[in-house]
file target29.cif (mmCIF, C-alpha atoms)
data_target
#
loop_
_atom_site.group_PDB
_atom_site.id
_atom_site.type_symbol
_atom_site.label_atom_id
_atom_site.label_comp_id
_atom_site.auth_asym_id
_atom_site.auth_seq_id
_atom_site.Cartn_x
_atom_site.Cartn_y
_atom_site.Cartn_z
ATOM 1 C CA GLN D 1 52.360 5.512 -194.386
ATOM 2 C CA VAL D 2 49.184 7.556 -194.535
ATOM 3 C CA GLN D 3 46.107 5.957 -196.063
ATOM 4 C CA LEU D 4 42.576 7.225 -196.525
ATOM 5 C CA VAL D 5 40.292 4.454 -197.749
ATOM 6 C CA GLU D 6 36.778 5.288 -198.884
ATOM 7 C CA SER D 7 33.949 2.793 -199.049
ATOM 8 C CA GLY D 8 30.181 2.715 -199.391
ATOM 9 C CA GLY D 9 29.732 3.996 -202.917
ATOM 10 C CA GLY D 10 27.426 2.370 -205.413
ATOM 11 C CA LEU D 11 24.280 2.679 -207.475
ATOM 12 C CA VAL D 12 21.203 4.182 -205.832
ATOM 13 C CA GLN D 13 17.854 5.383 -207.152
ATOM 14 C CA PRO D 14 16.869 9.064 -207.014
ATOM 15 C CA GLY D 15 15.493 9.889 -203.596
ATOM 16 C CA GLY D 16 17.516 7.141 -201.974
ATOM 17 C CA SER D 17 20.215 7.209 -199.324
ATOM 18 C CA LEU D 18 23.803 6.115 -199.093
ATOM 19 C CA GLN D 19 26.506 6.357 -196.450
ATOM 20 C CA LEU D 20 30.156 6.763 -197.352
ATOM 21 C CA SER D 21 32.964 5.936 -194.954
ATOM 22 C CA CYS D 22 36.602 6.958 -194.958
ATOM 23 C CA ALA D 23 38.986 5.044 -192.722
ATOM 24 C CA ALA D 24 42.248 6.796 -191.966
ATOM 25 C CA SER D 25 45.545 5.291 -190.907
ATOM 26 C CA GLY D 26 48.998 6.697 -190.356
ATOM 27 C CA ILE D 27 47.783 10.025 -188.962
ATOM 28 C CA ILE D 28 46.665 11.379 -185.603
ATOM 29 C CA PHE D 29 43.105 11.479 -186.845
ATOM 30 C CA GLY D 30 41.638 13.632 -184.093
ATOM 31 C CA ILE D 31 43.683 16.718 -184.989
ATOM 32 C CA TYR D 32 42.868 16.687 -188.688
ATOM 33 C CA THR D 33 40.150 18.585 -190.501
ATOM 34 C CA MET D 34 38.326 16.062 -192.647
ATOM 35 C CA ARG D 35 36.477 16.799 -195.857
ATOM 36 C CA TRP D 36 34.534 15.123 -198.599
ATOM 37 C CA TYR D 37 34.991 16.346 -202.132
ATOM 38 C CA ARG D 38 33.333 15.125 -205.292
ATOM 39 C CA GLN D 39 34.052 15.258 -208.988
ATOM 40 C CA ALA D 40 31.413 14.638 -211.605
ATOM 41 C CA PRO D 41 32.345 13.666 -215.171
ATOM 42 C CA GLY D 42 33.588 16.699 -217.057
ATOM 43 C CA LYS D 43 33.472 18.944 -214.002
ATOM 44 C CA GLU D 44 35.962 20.259 -211.489
ATOM 45 C CA ARG D 45 36.367 18.740 -208.066
ATOM 46 C CA GLU D 46 34.177 20.504 -205.512
ATOM 47 C CA LEU D 47 34.018 20.597 -201.732
ATOM 48 C CA VAL D 48 30.944 18.839 -200.388
ATOM 49 C CA ALA D 49 31.341 18.911 -196.611
ATOM 50 C CA ASP D 50 33.907 19.721 -193.956
ATOM 51 C CA ILE D 51 34.261 18.726 -190.310
ATOM 52 C CA ALA D 52 36.760 20.305 -187.957
ATOM 53 C CA PRO D 53 38.561 18.400 -185.194
ATOM 54 C CA GLY D 54 36.056 19.799 -182.699
ATOM 55 C CA GLY D 55 33.105 18.697 -184.763
ATOM 56 C CA THR D 56 32.034 21.947 -186.424
ATOM 57 C CA THR D 57 30.622 21.232 -189.872
ATOM 58 C CA GLN D 58 30.151 23.122 -193.130
ATOM 59 C CA TYR D 59 28.349 22.132 -196.294
ATOM 60 C CA ALA D 60 28.104 23.145 -199.892
ATOM 61 C CA ASP D 61 24.796 24.858 -200.611
ATOM 62 C CA SER D 62 23.863 22.091 -203.038
ATOM 63 C CA VAL D 63 23.836 19.449 -200.288
ATOM 64 C CA LYS D 64 22.670 21.393 -197.218
ATOM 65 C CA GLY D 65 19.791 19.643 -195.513
ATOM 66 C CA ARG D 66 20.429 16.412 -197.399
ATOM 67 C CA PHE D 67 23.969 15.355 -196.478
ATOM 68 C CA THR D 68 25.511 14.939 -193.022
ATOM 69 C CA ILE D 69 29.206 14.660 -192.292
ATOM 70 C CA SER D 70 30.321 13.078 -189.026
ATOM 71 C CA ARG D 71 33.444 11.637 -187.511
ATOM 72 C CA ASP D 72 34.319 8.920 -185.026
ATOM 73 C CA ASN D 73 37.730 9.736 -183.607
ATOM 74 C CA ALA D 74 37.854 6.411 -181.775
ATOM 75 C CA LYS D 75 37.597 4.617 -185.117
ATOM 76 C CA ASP D 76 39.659 7.117 -187.153
ATOM 77 C CA THR D 77 36.747 7.298 -189.562
ATOM 78 C CA VAL D 78 34.745 10.069 -191.195
ATOM 79 C CA TYR D 79 31.313 9.480 -192.689
ATOM 80 C CA LEU D 80 29.090 11.158 -195.225
ATOM 81 C CA HIS D 81 25.443 10.251 -194.935
ATOM 82 C CA MET D 82 23.555 11.244 -198.062
ATOM 83 C CA ASN D 83 19.769 11.470 -198.205
ATOM 84 C CA SER D 84 17.351 12.489 -200.947
ATOM 85 C CA LEU D 85 19.940 11.765 -203.589
ATOM 86 C CA LYS D 86 19.578 13.386 -206.988
ATOM 87 C CA SER D 87 21.068 12.523 -210.350
ATOM 88 C CA GLU D 88 23.310 15.563 -210.037
ATOM 89 C CA ASP D 89 24.941 13.960 -206.978
ATOM 90 C CA THR D 90 26.484 11.374 -209.300
ATOM 91 C CA ALA D 91 30.259 11.706 -208.943
ATOM 92 C CA ASP D 92 33.414 10.203 -207.572
ATOM 93 C CA TYR D 93 33.615 11.095 -203.888
ATOM 94 C CA TYR D 94 36.991 11.695 -202.269
ATOM 95 C CA CYS D 95 38.088 11.824 -198.668
ATOM 96 C CA TYR D 96 40.559 14.543 -197.661
ATOM 97 C CA ALA D 97 42.543 15.159 -194.499
ATOM 98 C CA GLN D 98 44.356 18.346 -193.567
ATOM 99 C CA TYR D 99 46.435 19.495 -190.616
ATOM 100 C CA LEU D 100 47.749 23.045 -190.817
ATOM 101 C CA ASN D 101 48.834 23.851 -194.383
ATOM 102 C CA ASN D 102 51.440 21.227 -195.040
ATOM 103 C CA ARG D 103 49.857 17.948 -194.063
ATOM 104 C CA VAL D 104 47.312 17.162 -196.758
ATOM 105 C CA TYR D 105 46.185 13.716 -197.853
ATOM 106 C CA TRP D 106 43.650 12.364 -200.341
ATOM 107 C CA GLY D 107 41.877 9.071 -200.682
ATOM 108 C CA LYS D 108 41.471 7.341 -204.029
ATOM 109 C CA GLY D 109 37.734 7.887 -204.192
ATOM 110 C CA THR D 110 34.529 5.920 -204.346
ATOM 111 C CA GLN D 111 31.948 6.158 -207.098
ATOM 112 C CA VAL D 112 28.350 7.177 -206.445
ATOM 113 C CA THR D 113 25.796 6.815 -209.217
ATOM 114 C CA VAL D 114 22.244 8.083 -208.764
ATOM 115 C CA SER D 115 20.033 6.662 -211.474
ATOM 116 C CA SER D 116 16.760 4.863 -211.972
#
call {"tool": "encode", "arguments": {"input": "target29.cif", "output": "structure tokens"}}
result
Amino acid sequence: QVQLVESGGGLVQPGGSLQLSCAASGIIFGIYTMRWYRQAPGKERELVADIAPGGTTQYADSVKGRFTISRDNAKDTVYLHMNSLKSEDTADYYCYAQYLNNRVYWGKGTQVTVSS
């Protein structure tokens, strides 16, 4: 059974930092593209960051220079390190795994609130 379990969310002040983790099980982690998505209240889910099996990364323009996605294939875990957080980063953050077009899995999400 495939599981993606996010952790690390919480309440942080503007300008602060937070690191999210997503632990995968039930998949051959190293061959999967891993992504972080987020969904703010009343808005559509959006792609935040993407990391290919080889380590190539892509970011949404809104988080470039502030967020870093990384992966540890030995631990079957993907991370999202978030710096200089803004109130508009407040959202539920979801982990996503994809291999080819027919192996797609989602985590249940972790909440991030940026507020003073």
call {"tool": "atom_distance", "arguments": {"input": "target29.cif", "atom1": "CA of Gln3 in chain D", "atom2": "CA of Ala23 in chain D"}}
result
7.9 Å
call {"tool": "closest_residue", "arguments": {"input": "target29.cif", "among": "D:Gln58, D:Ser87, D:Gln1, D:Thr33", "to": "Gly16 in chain D", "atoms": "all atoms listed in the file"}}
result
D:Ser87
call {"tool": "resolve_selection", "arguments": {"input": "target29.cif", "expression": "the PyMOL selection byres ((chain D and resi 37-40) around 6)", "output": "list in words"}}
result
Trp36, Pro41, Lys43, Glu44, Arg45, Glu46, Leu47, Val48, Ala91, Asp92, Tyr93 and Tyr94 of chain D
call {"tool": "write_last_selection", "arguments": {"input": "target29.cif", "atoms": "C-alpha atoms", "output": "PDB file, in the frame of the given file"}}
result
ATOM      1  CA  TRP D  36      34.534  15.123-198.599  1.00  0.00           C
ATOM      2  CA  PRO D  41      32.345  13.666-215.171  1.00  0.00           C
ATOM      3  CA  LYS D  43      33.472  18.944-214.002  1.00  0.00           C
ATOM      4  CA  GLU D  44      35.962  20.259-211.489  1.00  0.00           C
ATOM      5  CA  ARG D  45      36.367  18.740-208.066  1.00  0.00           C
ATOM      6  CA  GLU D  46      34.177  20.504-205.512  1.00  0.00           C
ATOM      7  CA  LEU D  47      34.018  20.597-201.732  1.00  0.00           C
ATOM      8  CA  VAL D  48      30.944  18.839-200.388  1.00  0.00           C
ATOM      9  CA  ALA D  91      30.259  11.706-208.943  1.00  0.00           C
ATOM     10  CA  ASP D  92      33.414  10.203-207.572  1.00  0.00           C
ATOM     11  CA  TYR D  93      33.615  11.095-203.888  1.00  0.00           C
ATOM     12  CA  TYR D  94      36.991  11.695-202.269  1.00  0.00           C
TER      13      TYR D  94
END
call {"tool": "resolve_selection", "arguments": {"input": "target29.cif", "expression": "the PyMOL selection byres ((chain D and resi 90) around 6)", "output": "PDB file with C-alpha atoms, in the coordinates of the input"}}
result
ATOM      1  CA  SER D  87      21.068  12.523-210.350  1.00  0.00           C
ATOM      2  CA  GLU D  88      23.310  15.563-210.037  1.00  0.00           C
ATOM      3  CA  ASP D  89      24.941  13.960-206.978  1.00  0.00           C
ATOM      4  CA  ALA D  91      30.259  11.706-208.943  1.00  0.00           C
ATOM      5  CA  VAL D 112      28.350   7.177-206.445  1.00  0.00           C
ATOM      6  CA  THR D 113      25.796   6.815-209.217  1.00  0.00           C
ATOM      7  CA  VAL D 114      22.244   8.083-208.764  1.00  0.00           C
TER       8      VAL D 114
END
call {"tool": "resolve_selection", "arguments": {"input": "target29.cif", "expression": "the PyMOL selection byres ((chain D and resi 25-27) around 10)", "output": "list in words"}}
result
Gln1, Val2, Gln3, Leu4, Val5, Cys22, Ala23, Ala24, Ile28, Phe29, Gly30, Ile31, Tyr32, Lys75, Asp76, Thr77, Ala97, Tyr99, Arg103 and Tyr105 of chain D
call {"tool": "closest_residue", "arguments": {"input": "target29.cif", "among": "D:Pro53, D:Gly15, D:Gly42, D:Gly107", "to": "Arg71 in chain D", "atoms": "all atoms listed in the file"}}
result
D:Pro53
call {"tool": "closest_residue", "arguments": {"input": "target29.cif", "among": "D:Ser62, D:Thr57, D:Ser17, D:Ser7", "to": "Leu85 in chain D", "atoms": "only C-alpha atoms"}}
result
D:Ser17
call {"tool": "axis_aligned_box", "arguments": {"input": "target29.cif", "around": "range 95-112 of chain D", "padding_each_side": "4 Å", "output": "lines of an AutoDock Vina configuration file"}}
result
center_x = 39.9
center_y = 14.9
center_z = -198.9
size_x = 31.1
size_y = 25.9
size_z = 24.5
call {"tool": "atom_distance", "arguments": {"input": "target29.cif", "atom1": "CA of Leu20 in chain D", "atom2": "CA of Cys95 in chain D"}}
result
9.5 Å
call {"tool": "atom_distance", "arguments": {"input": "target29.cif", "atom1": "CA of Ser84 in chain D", "atom2": "CA of Pro14 in chain D"}}
result
7.0 Å
call {"tool": "closest_residue", "arguments": {"input": "target29.cif", "among": "D:Met34, D:Val104, D:Met82, D:Ile51", "to": "Gly65 in chain D", "atoms": "all atoms listed in the file"}}
result
D:Met82
call {"tool": "decode", "arguments": {"input": "target29.cif", "residues": "range 3-25 of chain D", "atoms": "N, CA and C atoms", "output": "compact mmCIF listing (two decimals), in the first residue's frame"}}
result
# COMPACT_ATOMS: atom_id res chain seq x y z
N GLN D 3 1.87 5.01 0.67
CA GLN D 3 1.55 6.09 1.60
C GLN D 3 2.55 7.22 1.42
N LEU D 4 2.03 8.44 1.40
CA LEU D 4 2.84 9.65 1.46
C LEU D 4 2.38 10.41 2.71
N VAL D 5 3.28 10.59 3.65
CA VAL D 5 2.90 11.20 4.92
C VAL D 5 3.70 12.49 5.13
N GLU D 6 2.97 13.59 5.10
CA GLU D 6 3.60 14.90 5.30
C GLU D 6 3.70 15.23 6.80
N SER D 7 4.70 16.01 7.12
CA SER D 7 4.86 16.51 8.48
C SER D 7 5.63 17.83 8.43
N GLY D 8 5.60 18.54 9.55
CA GLY D 8 6.38 19.77 9.66
C GLY D 8 5.59 21.05 9.54
N GLY D 9 4.30 20.95 9.25
CA GLY D 9 3.49 22.16 9.16
C GLY D 9 3.27 22.78 10.53
N GLY D 10 2.72 24.00 10.51
CA GLY D 10 2.44 24.67 11.76
C GLY D 10 2.26 26.16 11.57
N LEU D 11 2.32 26.87 12.68
CA LEU D 11 2.16 28.32 12.69
C LEU D 11 3.54 28.97 12.76
N VAL D 12 3.78 29.93 11.88
CA VAL D 12 5.06 30.62 11.85
C VAL D 12 4.81 32.10 11.56
N GLN D 13 5.66 32.95 12.08
CA GLN D 13 5.51 34.39 11.87
C GLN D 13 6.03 34.76 10.48
N PRO D 14 5.53 35.86 9.92
CA PRO D 14 6.06 36.34 8.64
C PRO D 14 7.56 36.54 8.73
N GLY D 15 8.25 36.13 7.68
CA GLY D 15 9.70 36.20 7.67
C GLY D 15 10.39 34.97 8.23
N GLY D 16 9.63 34.08 8.83
CA GLY D 16 10.18 32.89 9.43
C GLY D 16 10.42 31.76 8.44
N SER D 17 10.87 30.64 8.99
CA SER D 17 11.20 29.47 8.17
C SER D 17 10.49 28.24 8.70
N LEU D 18 10.32 27.29 7.80
CA LEU D 18 9.68 26.03 8.17
C LEU D 18 10.17 24.98 7.18
N GLN D 19 10.33 23.75 7.65
CA GLN D 19 10.68 22.67 6.74
C GLN D 19 9.61 21.58 6.79
N LEU D 20 9.08 21.27 5.63
CA LEU D 20 8.12 20.18 5.49
C LEU D 20 8.85 18.92 5.05
N SER D 21 8.35 17.79 5.51
CA SER D 21 8.87 16.49 5.09
C SER D 21 7.73 15.64 4.56
N CYS D 22 8.07 14.77 3.64
CA CYS D 22 7.10 13.81 3.11
C CYS D 22 7.79 12.46 3.03
N ALA D 23 7.36 11.54 3.86
CA ALA D 23 7.93 10.19 3.89
C ALA D 23 7.06 9.27 3.03
N ALA D 24 7.70 8.61 2.10
CA ALA D 24 6.99 7.71 1.19
C ALA D 24 7.22 6.26 1.57
N SER D 25 6.22 5.46 1.35
CA SER D 25 6.34 4.01 1.52
C SER D 25 5.50 3.32 0.46
